[in-house]
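This report concerns only the one structure given below.
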Amino acid sequence: MSSQPAGGTPVASPRPEPDTEPATAKPGAEGAEGTAGAEGAEGTAESEGAAEPTVRAASPAGSVGGAIVLAVLSYVWLGLLVFSALATLGAPGDGVLGITETAYGLPAVIFAALIAGAGLAQAVRRAADRWLGSAPVARFAAMLGCGASTGAGAAAVVVLGDGRGGSAVAILGWVLFTGATVGGSIVGVHRRAGLLTGATVAAALTVSVLTTARELLKGPLLDLFGAGDTPASVLAAQSRVTWITALLAGVAAGVVAFGYLHVALRRARQTLLWPAYLLAGAGTGIMLLVSELVTRIGGAQLLNLARSFSESDDAFQTMANAARINSALVILFAGAFTALICLGRALPARTAAD
């Protein structure tokens, strides 16, 4: 407290008169201090109350219902691709064509397993974030278990559904288990990965559907891009189709990832910094590269078997490997830049006064 009263009269006066000025000044000072203290306490309470939403915004929860829908869709898509792979393996013939086509479609199946493992994990993470958010070991173990259970179920469907056994079936089941386990573990790596993984799963599902549609419409697309009767024209048209569809898929991934984050954050009245949008837009390309790594390691035996049939099969697998890597990189960068562009367009415009 100050050594002077609020009125500014010195305390040590030569003849202090018995008036009430100092006495009234002191309560006034104390009252002023009390008022300031009360105002300071209220200001502290208000600042603490204002800081509370910032703490909540650090780990957005998003929608549990949306996460469950994503998990169901990813499971449906994985089931469709698994049954398609089983049908290819069980096709009549000497087995060479079935093994070659299975090796060609193996990355797509692993990518679907990666999406399904991450889809289930992000749904469980969103529902149980209250208990798992502050426990990193338990969170990672739970997400790893979600991915492993998804992979084990898919592998069981493959092994029991084929019925004949064989190395191709065993390899397919193993890489499905590995891919789904890796997908689930990604969700448990960081405490803020739940919402970003949800956006990535939505974008990856979109890209996977577009890629499958491209394969189904390959003949008309090759004709559209100038495939003729010569092998050179067919290869040139195939290259154009690959690059253009990868670019379009990357743009679609960026738009879907941004839309997912934008809607979830707007409903929760929360915000994220721009690197989160960049990572969500690039997430599909990152998942494609991870699935390619699982394919090269886990499916190496099946890929080598498909290469060994003839020189043309070897050349085909080599070109397919290069095309997948190039497509993943294009989708990664196109998705990241598209998400940032969408974020920039969504920001409020500054007025002339600002």
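Chain labels A, B, ... are given in the sequence in which chains occur in the structure tokens; within each chain residues are numbered consecutively from 1, and ligands are likewise numbered from 1 in the order shown.
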Any idea what's packed within 12 Å of Ala142 of chain A, counting only C-alpha atoms, ignoring anything in its chain fewer than 3 positions away? Could you give it as a PDB file with N, CA, C and O atoms, in the first residue's frame?
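Full text of result06.pdb as output:
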```pdb
ATOM      1  N   GLY A 117      -8.785 -49.927 -41.216  1.00  0.00           N
ATOM      2  CA  GLY A 117      -8.177 -49.909 -39.886  1.00  0.00           C
ATOM      3  C   GLY A 117      -8.193 -48.523 -39.274  1.00  0.00           C
ATOM      4  O   GLY A 117      -8.534 -48.346 -38.092  1.00  0.00           O
ATOM      5  N   ALA A 118      -7.857 -47.503 -40.081  1.00  0.00           N
ATOM      6  CA  ALA A 118      -7.903 -46.129 -39.583  1.00  0.00           C
ATOM      7  C   ALA A 118      -9.338 -45.674 -39.346  1.00  0.00           C
ATOM      8  O   ALA A 118      -9.601 -44.903 -38.407  1.00  0.00           O
ATOM      9  N   LEU A 120     -12.031 -47.496 -38.360  1.00  0.00           N
ATOM     10  CA  LEU A 120     -12.528 -47.997 -37.079  1.00  0.00           C
ATOM     11  C   LEU A 120     -11.818 -47.321 -35.920  1.00  0.00           C
ATOM     12  O   LEU A 120     -12.442 -46.949 -34.911  1.00  0.00           O
ATOM     13  N   ALA A 121     -10.513 -47.135 -36.040  1.00  0.00           N
ATOM     14  CA  ALA A 121      -9.748 -46.527 -34.949  1.00  0.00           C
ATOM     15  C   ALA A 121     -10.202 -45.095 -34.678  1.00  0.00           C
ATOM     16  O   ALA A 121     -10.342 -44.691 -33.518  1.00  0.00           O
ATOM     17  N   GLN A 122     -10.438 -44.312 -35.738  1.00  0.00           N
ATOM     18  CA  GLN A 122     -10.843 -42.929 -35.500  1.00  0.00           C
ATOM     19  C   GLN A 122     -12.251 -42.848 -34.925  1.00  0.00           C
ATOM     20  O   GLN A 122     -12.564 -41.933 -34.175  1.00  0.00           O
ATOM     21  N   ALA A 123     -13.114 -43.827 -35.236  1.00  0.00           N
ATOM     22  CA  ALA A 123     -14.440 -43.839 -34.624  1.00  0.00           C
ATOM     23  C   ALA A 123     -14.352 -44.160 -33.133  1.00  0.00           C
ATOM     24  O   ALA A 123     -14.996 -43.497 -32.301  1.00  0.00           O
ATOM     25  N   VAL A 124     -13.555 -45.169 -32.785  1.00  0.00           N
ATOM     26  CA  VAL A 124     -13.376 -45.515 -31.366  1.00  0.00           C
ATOM     27  C   VAL A 124     -12.677 -44.381 -30.632  1.00  0.00           C
ATOM     28  O   VAL A 124     -13.023 -44.035 -29.498  1.00  0.00           O
ATOM     29  N   ARG A 125     -11.694 -43.787 -31.274  1.00  0.00           N
ATOM     30  CA  ARG A 125     -10.971 -42.669 -30.673  1.00  0.00           C
ATOM     31  C   ARG A 125     -11.914 -41.499 -30.387  1.00  0.00           C
ATOM     32  O   ARG A 125     -11.861 -40.870 -29.326  1.00  0.00           O
ATOM     33  N   ALA A 128     -14.266 -42.446 -27.437  1.00  0.00           N
ATOM     34  CA  ALA A 128     -13.620 -42.647 -26.136  1.00  0.00           C
ATOM     35  C   ALA A 128     -12.512 -41.637 -25.889  1.00  0.00           C
ATOM     36  O   ALA A 128     -11.611 -41.894 -25.083  1.00  0.00           O
ATOM     37  N   ASP A 129     -12.571 -40.491 -26.553  1.00  0.00           N
ATOM     38  CA  ASP A 129     -11.492 -39.507 -26.409  1.00  0.00           C
ATOM     39  C   ASP A 129     -11.423 -38.953 -24.989  1.00  0.00           C
ATOM     40  O   ASP A 129     -10.366 -38.522 -24.542  1.00  0.00           O
ATOM     41  N   TRP A 131     -11.503 -40.582 -22.283  1.00  0.00           N
ATOM     42  CA  TRP A 131     -10.663 -41.462 -21.459  1.00  0.00           C
ATOM     43  C   TRP A 131      -9.288 -41.696 -22.077  1.00  0.00           C
ATOM     44  O   TRP A 131      -8.327 -41.910 -21.376  1.00  0.00           O
ATOM     45  N   LEU A 132      -9.210 -41.657 -23.395  1.00  0.00           N
ATOM     46  CA  LEU A 132      -7.948 -41.981 -24.059  1.00  0.00           C
ATOM     47  C   LEU A 132      -7.116 -40.758 -24.413  1.00  0.00           C
ATOM     48  O   LEU A 132      -5.941 -40.892 -24.737  1.00  0.00           O
ATOM     49  N   GLY A 133      -7.723 -39.551 -24.364  1.00  0.00           N
ATOM     50  CA  GLY A 133      -7.011 -38.365 -24.819  1.00  0.00           C
ATOM     51  C   GLY A 133      -5.759 -38.056 -24.020  1.00  0.00           C
ATOM     52  O   GLY A 133      -4.761 -37.605 -24.570  1.00  0.00           O
ATOM     53  N   ALA A 135      -4.014 -40.285 -22.100  1.00  0.00           N
ATOM     54  CA  ALA A 135      -3.235 -41.491 -21.795  1.00  0.00           C
ATOM     55  C   ALA A 135      -2.612 -42.008 -23.096  1.00  0.00           C
ATOM     56  O   ALA A 135      -3.239 -42.788 -23.819  1.00  0.00           O
ATOM     57  N   PRO A 136      -1.400 -41.568 -23.426  1.00  0.00           N
ATOM     58  CA  PRO A 136      -0.827 -41.915 -24.734  1.00  0.00           C
ATOM     59  C   PRO A 136      -0.615 -43.404 -24.939  1.00  0.00           C
ATOM     60  O   PRO A 136      -0.841 -43.920 -26.036  1.00  0.00           O
ATOM     61  N   VAL A 137      -0.187 -44.119 -23.899  1.00  0.00           N
ATOM     62  CA  VAL A 137       0.071 -45.553 -24.061  1.00  0.00           C
ATOM     63  C   VAL A 137      -1.232 -46.302 -24.286  1.00  0.00           C
ATOM     64  O   VAL A 137      -1.356 -47.139 -25.199  1.00  0.00           O
ATOM     65  N   ALA A 138      -2.232 -46.002 -23.462  1.00  0.00           N
ATOM     66  CA  ALA A 138      -3.534 -46.659 -23.629  1.00  0.00           C
ATOM     67  C   ALA A 138      -4.171 -46.290 -24.951  1.00  0.00           C
ATOM     68  O   ALA A 138      -4.802 -47.132 -25.610  1.00  0.00           O
ATOM     69  N   ARG A 139      -4.010 -45.036 -25.375  1.00  0.00           N
ATOM     70  CA  ARG A 139      -4.576 -44.604 -26.658  1.00  0.00           C
ATOM     71  C   ARG A 139      -3.945 -45.364 -27.816  1.00  0.00           C
ATOM     72  O   ARG A 139      -4.638 -45.882 -28.703  1.00  0.00           O
ATOM     73  N   GLY A 145      -5.113 -52.039 -31.441  1.00  0.00           N
ATOM     74  CA  GLY A 145      -6.049 -53.148 -31.361  1.00  0.00           C
ATOM     75  C   GLY A 145      -7.180 -53.027 -32.365  1.00  0.00           C
ATOM     76  O   GLY A 145      -7.629 -54.032 -32.940  1.00  0.00           O
ATOM     77  N   CYS A 146      -7.659 -51.804 -32.611  1.00  0.00           N
ATOM     78  CA  CYS A 146      -8.704 -51.606 -33.627  1.00  0.00           C
ATOM     79  C   CYS A 146      -8.205 -52.017 -35.006  1.00  0.00           C
ATOM     80  O   CYS A 146      -8.898 -52.715 -35.764  1.00  0.00           O
ATOM     81  N   GLY A 147      -6.991 -51.576 -35.358  1.00  0.00           N
ATOM     82  CA  GLY A 147      -6.445 -51.948 -36.651  1.00  0.00           C
ATOM     83  C   GLY A 147      -6.180 -53.439 -36.764  1.00  0.00           C
ATOM     84  O   GLY A 147      -6.475 -54.061 -37.802  1.00  0.00           O
ATOM     85  N   ALA A 148      -5.635 -54.034 -35.688  1.00  0.00           N
ATOM     86  CA  ALA A 148      -5.329 -55.465 -35.720  1.00  0.00           C
ATOM     87  C   ALA A 148      -6.600 -56.311 -35.822  1.00  0.00           C
ATOM     88  O   ALA A 148      -6.634 -57.320 -36.549  1.00  0.00           O
ATOM     89  N   SER A 149      -7.651 -55.915 -35.122  1.00  0.00           N
ATOM     90  CA  SER A 149      -8.905 -56.665 -35.210  1.00  0.00           C
ATOM     91  C   SER A 149      -9.511 -56.560 -36.602  1.00  0.00           C
ATOM     92  O   SER A 149     -10.056 -57.542 -37.141  1.00  0.00           O
ATOM     93  N   THR A 181      -3.516 -53.004 -39.499  1.00  0.00           N
ATOM     94  CA  THR A 181      -2.858 -52.711 -38.222  1.00  0.00           C
ATOM     95  C   THR A 181      -2.098 -51.390 -38.288  1.00  0.00           C
ATOM     96  O   THR A 181      -2.145 -50.573 -37.359  1.00  0.00           O
ATOM     97  N   GLY A 184      -4.632 -48.490 -38.178  1.00  0.00           N
ATOM     98  CA  GLY A 184      -5.126 -48.197 -36.840  1.00  0.00           C
ATOM     99  C   GLY A 184      -4.090 -47.527 -35.962  1.00  0.00           C
ATOM    100  O   GLY A 184      -4.415 -46.611 -35.186  1.00  0.00           O
ATOM    101  N   SER A 185      -2.841 -47.947 -36.089  1.00  0.00           N
ATOM    102  CA  SER A 185      -1.796 -47.369 -35.236  1.00  0.00           C
ATOM    103  C   SER A 185      -1.537 -45.901 -35.555  1.00  0.00           C
ATOM    104  O   SER A 185      -1.119 -45.140 -34.674  1.00  0.00           O
ATOM    105  N   ILE A 186      -1.781 -45.487 -36.800  1.00  0.00           N
ATOM    106  CA  ILE A 186      -1.556 -44.087 -37.159  1.00  0.00           C
ATOM    107  C   ILE A 186      -2.438 -43.164 -36.337  1.00  0.00           C
ATOM    108  O   ILE A 186      -2.029 -42.073 -35.924  1.00  0.00           O
ATOM    109  N   VAL A 187      -3.664 -43.607 -36.056  1.00  0.00           N
ATOM    110  CA  VAL A 187      -4.610 -42.771 -35.313  1.00  0.00           C
ATOM    111  C   VAL A 187      -4.147 -42.553 -33.870  1.00  0.00           C
ATOM    112  O   VAL A 187      -4.454 -41.523 -33.275  1.00  0.00           O
ATOM    113  N   GLY A 188      -3.418 -43.505 -33.310  1.00  0.00           N
ATOM    114  CA  GLY A 188      -2.992 -43.390 -31.927  1.00  0.00           C
ATOM    115  C   GLY A 188      -1.646 -42.747 -31.719  1.00  0.00           C
ATOM    116  O   GLY A 188      -1.171 -42.661 -30.584  1.00  0.00           O
ATOM    117  N   VAL A 189      -1.015 -42.258 -32.793  1.00  0.00           N
ATOM    118  CA  VAL A 189       0.332 -41.702 -32.664  1.00  0.00           C
ATOM    119  C   VAL A 189       0.323 -40.408 -31.864  1.00  0.00           C
ATOM    120  O   VAL A 189       1.154 -40.190 -30.994  1.00  0.00           O
TER     121      VAL A 189
END
```
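Near segment 288-298 of chain A, within 7 Å and counting only C-alpha atoms, sit Pro107, Ile110, Phe111, Val175, Gly179, Thr284, Gly285, Ile286, Ala300 and Ala328 of chain A, not including residues fewer than 2 positions from it in the same chain.
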**Report entry** Among listed residues A:Thr245, A:Gln270, A:Ser74, A:Thr318, nearest Val330 of chain A (using only C-alpha atoms)
**Finding:** A:Thr245
Query raised in the report: Nearest to Val201 of chain A: which of A:Ile115, A:Ala322, A:Leu340, A:Ala264 is it, counting only C-alpha atoms?
Result: A:Ile115
Requested in this report: Rank A:Ile325, A:Gly259, A:Phe309, A:Gly79 by their smallest atom-to-atom distance to Thr100 of chain A, using only C-alpha atoms, and report the top residue only.
Outcome: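 Checking each candidate against Thr100 of chain A, we get A:Phe309 as the closest.
With only C-alpha atoms as the atoms that count, the residue of A:Leu78, A:Gly198, A:Arg267, A:Ala323 with the shortest distance to Gly66 of chain A is A:Gly198.
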Query - Of the listed residues A:Gly226, A:Gly119, A:Gly161, A:Gly283, that which approaches Ala85 of chain A most closely, counting only C-alpha atoms - result: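 Smallest separation from Ala85 of chain A among the options: A:Gly161.
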Query raised in the report: For Ser84 of chain A, which of A:Ile68, A:Leu273, A:Ala108, A:Leu248 is the closest residue, counting only C-alpha atoms?
Result: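 Counting only C-alpha atoms, the residue closest to Ser84 of chain A is A:Ala108.
As for atom CA of Gly299 of chain A and atom CA of Leu172 of chain A, they are spaced 7.5 Å apart.
As for atom CA of Tyr260 of chain A and atom CA of Ser327 of chain A, they are spaced 23.0 Å apart.
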Query - Tyr277 of chain A surroundings by only C-alpha atoms, 8 Å radius, close-in-sequence under 2 positions cut, as a PyMOL selection string - result: chain A and resi 257-258+261+272-275+279-281+336+339-340+343
Query - alpha helix (DSSP H) call set, DSSP backbone run, segment 121-235 of chain A, as a ChimeraX atom specification - result: /A:121-127,129-132,136-162,167-187,193-216,218-224,231-235
Query raised in the report: In Å to one decimal, how far is atom CA of Leu195 of chain A from atom CA of Met143 of chain A?
Result: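 Rounded to one decimal, the two atoms are 14.0 Å apart.
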What's the 9 Å shell around Leu89 of chain A, counting only C-alpha atoms, without same-chain residues fewer than 2 positions away, as a PDB file with all heavy atoms, in the first residue's frame?
```pdb
ATOM      1  N   SER A  84     -13.690 -59.178 -54.339  1.00  0.00           N
ATOM      2  CA  SER A  84     -13.205 -59.088 -55.712  1.00  0.00           C
ATOM      3  C   SER A  84     -11.874 -59.825 -55.877  1.00  0.00           C
ATOM      4  O   SER A  84     -11.653 -60.526 -56.874  1.00  0.00           O
ATOM      5  CB  SER A  84     -13.041 -57.618 -56.108  1.00  0.00           C
ATOM      6  OG  SER A  84     -12.477 -57.494 -57.391  1.00  0.00           O
ATOM      7  N   ALA A  85     -10.991 -59.690 -54.885  1.00  0.00           N
ATOM      8  CA  ALA A  85      -9.715 -60.410 -54.941  1.00  0.00           C
ATOM      9  C   ALA A  85      -9.927 -61.917 -54.856  1.00  0.00           C
ATOM     10  O   ALA A  85      -9.250 -62.693 -55.555  1.00  0.00           O
ATOM     11  CB  ALA A  85      -8.803 -59.941 -53.813  1.00  0.00           C
ATOM     12  N   LEU A  86     -10.862 -62.352 -54.037  1.00  0.00           N
ATOM     13  CA  LEU A  86     -11.162 -63.784 -53.949  1.00  0.00           C
ATOM     14  C   LEU A  86     -11.721 -64.312 -55.267  1.00  0.00           C
ATOM     15  O   LEU A  86     -11.388 -65.425 -55.704  1.00  0.00           O
ATOM     16  CB  LEU A  86     -12.154 -64.042 -52.815  1.00  0.00           C
ATOM     17  CG  LEU A  86     -11.611 -63.911 -51.385  1.00  0.00           C
ATOM     18  CD1 LEU A  86     -12.730 -64.094 -50.374  1.00  0.00           C
ATOM     19  CD2 LEU A  86     -10.498 -64.919 -51.136  1.00  0.00           C
ATOM     20  N   ALA A  87     -12.569 -63.517 -55.908  1.00  0.00           N
ATOM     21  CA  ALA A  87     -13.101 -63.932 -57.202  1.00  0.00           C
ATOM     22  C   ALA A  87     -12.009 -64.019 -58.251  1.00  0.00           C
ATOM     23  O   ALA A  87     -12.016 -64.913 -59.112  1.00  0.00           O
ATOM     24  CB  ALA A  87     -14.189 -62.958 -57.653  1.00  0.00           C
ATOM     25  N   ALA A  91     -10.708 -67.637 -60.235  1.00  0.00           N
ATOM     26  CA  ALA A  91     -11.109 -67.684 -61.635  1.00  0.00           C
ATOM     27  C   ALA A  91     -10.598 -68.968 -62.282  1.00  0.00           C
ATOM     28  O   ALA A  91      -9.504 -69.459 -61.960  1.00  0.00           O
ATOM     29  CB  ALA A  91     -10.557 -66.467 -62.376  1.00  0.00           C
ATOM     30  N   PRO A  92     -11.372 -69.575 -63.205  1.00  0.00           N
ATOM     31  CA  PRO A  92     -10.923 -70.808 -63.854  1.00  0.00           C
ATOM     32  C   PRO A  92      -9.701 -70.564 -64.737  1.00  0.00           C
ATOM     33  O   PRO A  92      -9.507 -69.493 -65.288  1.00  0.00           O
ATOM     34  CB  PRO A  92     -12.148 -71.226 -64.697  1.00  0.00           C
ATOM     35  CG  PRO A  92     -12.914 -69.954 -64.907  1.00  0.00           C
ATOM     36  CD  PRO A  92     -12.692 -69.144 -63.684  1.00  0.00           C
ATOM     37  N   GLY A  95      -4.233 -70.528 -63.306  1.00  0.00           N
ATOM     38  CA  GLY A  95      -3.838 -69.756 -62.140  1.00  0.00           C
ATOM     39  C   GLY A  95      -2.867 -68.637 -62.437  1.00  0.00           C
ATOM     40  O   GLY A  95      -2.663 -67.764 -61.592  1.00  0.00           O
ATOM     41  N   LEU A  97      -3.103 -66.195 -64.768  1.00  0.00           N
ATOM     42  CA  LEU A  97      -3.821 -64.934 -64.933  1.00  0.00           C
ATOM     43  C   LEU A  97      -4.354 -64.436 -63.591  1.00  0.00           C
ATOM     44  O   LEU A  97      -4.300 -63.241 -63.297  1.00  0.00           O
ATOM     45  CB  LEU A  97      -4.967 -65.121 -65.924  1.00  0.00           C
ATOM     46  CG  LEU A  97      -5.808 -63.870 -66.221  1.00  0.00           C
ATOM     47  CD1 LEU A  97      -4.925 -62.773 -66.802  1.00  0.00           C
ATOM     48  CD2 LEU A  97      -6.955 -64.216 -67.162  1.00  0.00           C
ATOM     49  N   GLY A  98      -4.848 -65.349 -62.757  1.00  0.00           N
ATOM     50  CA  GLY A  98      -5.361 -64.943 -61.457  1.00  0.00           C
ATOM     51  C   GLY A  98      -4.289 -64.353 -60.569  1.00  0.00           C
ATOM     52  O   GLY A  98      -4.511 -63.332 -59.890  1.00  0.00           O
ATOM     53  N   ILE A  99      -3.107 -64.974 -60.562  1.00  0.00           N
ATOM     54  CA  ILE A  99      -2.007 -64.454 -59.746  1.00  0.00           C
ATOM     55  C   ILE A  99      -1.534 -63.103 -60.269  1.00  0.00           C
ATOM     56  O   ILE A  99      -1.254 -62.176 -59.496  1.00  0.00           O
ATOM     57  CB  ILE A  99      -0.852 -65.475 -59.718  1.00  0.00           C
ATOM     58  CG1 ILE A  99      -1.274 -66.714 -58.927  1.00  0.00           C
ATOM     59  CG2 ILE A  99       0.397 -64.856 -59.106  1.00  0.00           C
ATOM     60  CD1 ILE A  99      -0.250 -67.815 -58.909  1.00  0.00           C
ATOM     61  N   GLU A 101      -3.281 -60.835 -61.992  1.00  0.00           N
ATOM     62  CA  GLU A 101      -4.270 -59.793 -61.690  1.00  0.00           C
ATOM     63  C   GLU A 101      -4.334 -59.501 -60.196  1.00  0.00           C
ATOM     64  O   GLU A 101      -4.550 -58.348 -59.797  1.00  0.00           O
ATOM     65  CB  GLU A 101      -5.632 -60.231 -62.218  1.00  0.00           C
ATOM     66  CG  GLU A 101      -5.719 -60.255 -63.737  1.00  0.00           C
ATOM     67  CD  GLU A 101      -7.112 -60.582 -64.222  1.00  0.00           C
ATOM     68  OE1 GLU A 101      -7.970 -60.901 -63.367  1.00  0.00           O
ATOM     69  OE2 GLU A 101      -7.348 -60.504 -65.446  1.00  0.00           O
ATOM     70  N   THR A 102      -4.146 -60.522 -59.372  1.00  0.00           N
ATOM     71  CA  THR A 102      -4.136 -60.285 -57.923  1.00  0.00           C
ATOM     72  C   THR A 102      -2.946 -59.432 -57.515  1.00  0.00           C
ATOM     73  O   THR A 102      -3.068 -58.528 -56.671  1.00  0.00           O
ATOM     74  CB  THR A 102      -4.107 -61.622 -57.171  1.00  0.00           C
ATOM     75  OG1 THR A 102      -5.234 -62.405 -57.552  1.00  0.00           O
ATOM     76  CG2 THR A 102      -4.133 -61.397 -55.665  1.00  0.00           C
ATOM     77  N   ASP A 162     -11.649 -68.591 -49.423  1.00  0.00           N
ATOM     78  CA  ASP A 162     -11.057 -69.258 -50.587  1.00  0.00           C
ATOM     79  C   ASP A 162     -11.167 -70.776 -50.459  1.00  0.00           C
ATOM     80  O   ASP A 162     -11.551 -71.455 -51.398  1.00  0.00           O
ATOM     81  CB  ASP A 162      -9.601 -68.828 -50.741  1.00  0.00           C
ATOM     82  CG  ASP A 162      -8.964 -69.400 -51.996  1.00  0.00           C
ATOM     83  OD1 ASP A 162      -9.262 -68.891 -53.091  1.00  0.00           O
ATOM     84  OD2 ASP A 162      -8.190 -70.366 -51.868  1.00  0.00           O
ATOM     85  N   ALA A 168      -0.595 -67.725 -52.355  1.00  0.00           N
ATOM     86  CA  ALA A 168      -1.196 -66.445 -52.719  1.00  0.00           C
ATOM     87  C   ALA A 168      -2.247 -66.024 -51.700  1.00  0.00           C
ATOM     88  O   ALA A 168      -2.318 -64.851 -51.304  1.00  0.00           O
ATOM     89  CB  ALA A 168      -1.813 -66.532 -54.112  1.00  0.00           C
ATOM     90  N   VAL A 169      -3.065 -66.970 -51.249  1.00  0.00           N
ATOM     91  CA  VAL A 169      -4.095 -66.664 -50.262  1.00  0.00           C
ATOM     92  C   VAL A 169      -3.455 -66.273 -48.929  1.00  0.00           C
ATOM     93  O   VAL A 169      -3.887 -65.323 -48.261  1.00  0.00           O
ATOM     94  CB  VAL A 169      -5.039 -67.866 -50.087  1.00  0.00           C
ATOM     95  CG1 VAL A 169      -6.037 -67.613 -48.963  1.00  0.00           C
ATOM     96  CG2 VAL A 169      -5.765 -68.162 -51.384  1.00  0.00           C
TER      97      VAL A 169
END
```
